[in-house]
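J.: Sharing a structure, written as structure tokens. Questions coming.
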Amino acid sequence: MIFETYNEETTFNIAKELGSKAKAGDIFCLVGDLGVGKTVFAKGFATGLNIEEHITSPTFTIVQVYDAIIPLYHFDMYRIENTQELEFIGYQDYFWGKGVCLVEWANRVTDAIPDTAIWVSIEKDLTMGLDYRKILIDFPAEGEKYE
């Protein structure tokens, strides 16, 4: 699926809709350059899960847990050098836990990401304007449940 947005509100609402359909055990991998809107997306996604807490990027904590009916495990892999570092935080407990994972900078640890993950890529195109974003969502074969 491909979406085009021209403002943060639309990006937020796309993510909110996706979050509202998320199921326990889902892993969403969020990739894009710095400043592209990953945190806006994460806020919308959390809102879709009925999480009312203030959402920030867990750059220094690596993972932030938000309690809800379906917990959200929000990862930021920007500072992770390799998958071995993930072993120290027990990432498998989250990836195969009772919640939904949202993994920013997942492209830095692709060998740890299961084939069932849903990949979300956010791209800028300055020729389309400063606020333009293209959001590409790549579902695994069983991903039709999100359409």
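In the structure tokens, each chain is lettered A, B, ... as it comes, each chain's residues begin at 1, and ligands are numbered from 1 in order of appearance.
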Can you tell me which residues surround Tyr66 of chain A at a distance of at most 9 Å, considering only C-alpha atoms, apart from same-chain residues fewer than 2 positions away, and format the answer as a list in words?

T.: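 So the residues in contact are Ala46, Ile51, Glu53, Ile55, Gln64, Ala68, Ile70, Pro71, Leu72, Tyr73 and His74 of chain A.
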
J.: Excluding Ile69 of chain A and any residue of its chain fewer than 3 positions from it, enumerate the residues within 9 Å of it, using only C-alpha atoms, and give them as a ChimeraX atom specification.

T.: /A:49-51,99

J.: Using only C-alpha atoms, find the one residue out of A:Pro58, A:Pro140, A:Gly48, A:Gly97 that sits nearest to Asp115 of chain A.

T.: A:Pro140

J.: Considering only C-alpha atoms, state which residue in the set A:Ala106, A:Phe139, A:Asp111, A:Ser20 is at the smallest distance from Gly32 of chain A.

T.: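 Among A:Ala106, A:Phe139, A:Asp111, A:Ser20, it is A:Ala106 that comes nearest to Gly32 of chain A.
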
J.: Env of Lys43 of chain A: 8 Å cut, atoms = only C-alpha atoms, seq-sep filter 3 positions within chain, self excluded. Answer as a list of chain:residue names.

T.: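 These residues fall inside the cut-off: A:Phe12, A:Ala15, A:Lys16, A:Thr39, A:Val40, A:Ala46, A:Thr47, A:His54, A:Ile55, A:Thr56.
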
J.: If you keep C-alpha atoms, can you produce a file of those selected residues as a PDB file, in the first residue's frame?

T.:
```
ATOM      1  CA  PHE A  12      -0.805  10.590  12.194  1.00  0.00           C
ATOM      2  CA  ALA A  15      -0.763   5.375  11.547  1.00  0.00           C
ATOM      3  CA  LYS A  16      -3.776   5.591  13.877  1.00  0.00           C
ATOM      4  CA  THR A  39       7.739   9.852  15.756  1.00  0.00           C
ATOM      5  CA  VAL A  40       4.537  11.385  14.352  1.00  0.00           C
ATOM      6  CA  ALA A  46      -0.204   4.385  19.719  1.00  0.00           C
ATOM      7  CA  THR A  47      -3.409   6.407  19.569  1.00  0.00           C
ATOM      8  CA  HIS A  54       2.853  10.960  25.623  1.00  0.00           C
ATOM      9  CA  ILE A  55       4.854   9.048  22.989  1.00  0.00           C
ATOM     10  CA  THR A  56       8.517   9.870  22.437  1.00  0.00           C
TER      11      THR A  56
END
```

J.: Taking only chain A into account, list the residues labelled strand (DSSP E or B) by DSSP (computed from the backbone), as JSON, numbers by chain.

T.: {"A": [2, 3, 4, 5, 27, 28, 29, 30, 31, 63, 64, 65, 66, 72, 73, 74, 75, 76, 100, 101, 102, 103, 104, 118, 119, 120, 121, 122, 123, 124, 133, 134, 135, 136, 137, 138]}

J.: Using only C-alpha atoms for the distances, tell me which of A:Ala112, A:Leu126, A:Val120, A:Ile80 is nearest to Leu30 of chain A.

T.: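 Ranked by minimum distance to Leu30 of chain A, first place goes to A:Val120.
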
J.: Between A:Met128, A:Ala117, A:Glu8, A:Met1, which one has atoms that come closest to Phe28 of chain A, using only C-alpha atoms?

T.: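 Of A:Met128, A:Ala117, A:Glu8, A:Met1, the one nearest Phe28 of chain A is A:Ala117, counting only C-alpha atoms.
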
J.: Do a neighbour search on segment 83-96 of chain A at 9 Å with only C-alpha atoms, toss out local chain neighbours closer than 6 positions, and write the hits as JSON, numbers by chain.

T.: {"A": [25, 26, 27, 62, 63, 73, 77, 108, 109, 110, 111, 112, 113, 114]}

J.: For a test of reading the model, state the distance in Å between atom CA of Asn7 of chain A and atom CA of Arg133 of chain A, rounded to one decimal.

T.: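 Calculated distance between atom CA of Asn7 of chain A and atom CA of Arg133 of chain A is 8.0 Å.
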
J.: Using only C-alpha atoms, which of A:Gly37, A:Lys98, A:Gly44, A:Trp105 sits nearest Asp67 of chain A?

T.: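 Counting only C-alpha atoms, the residue closest to Asp67 of chain A is A:Lys98.
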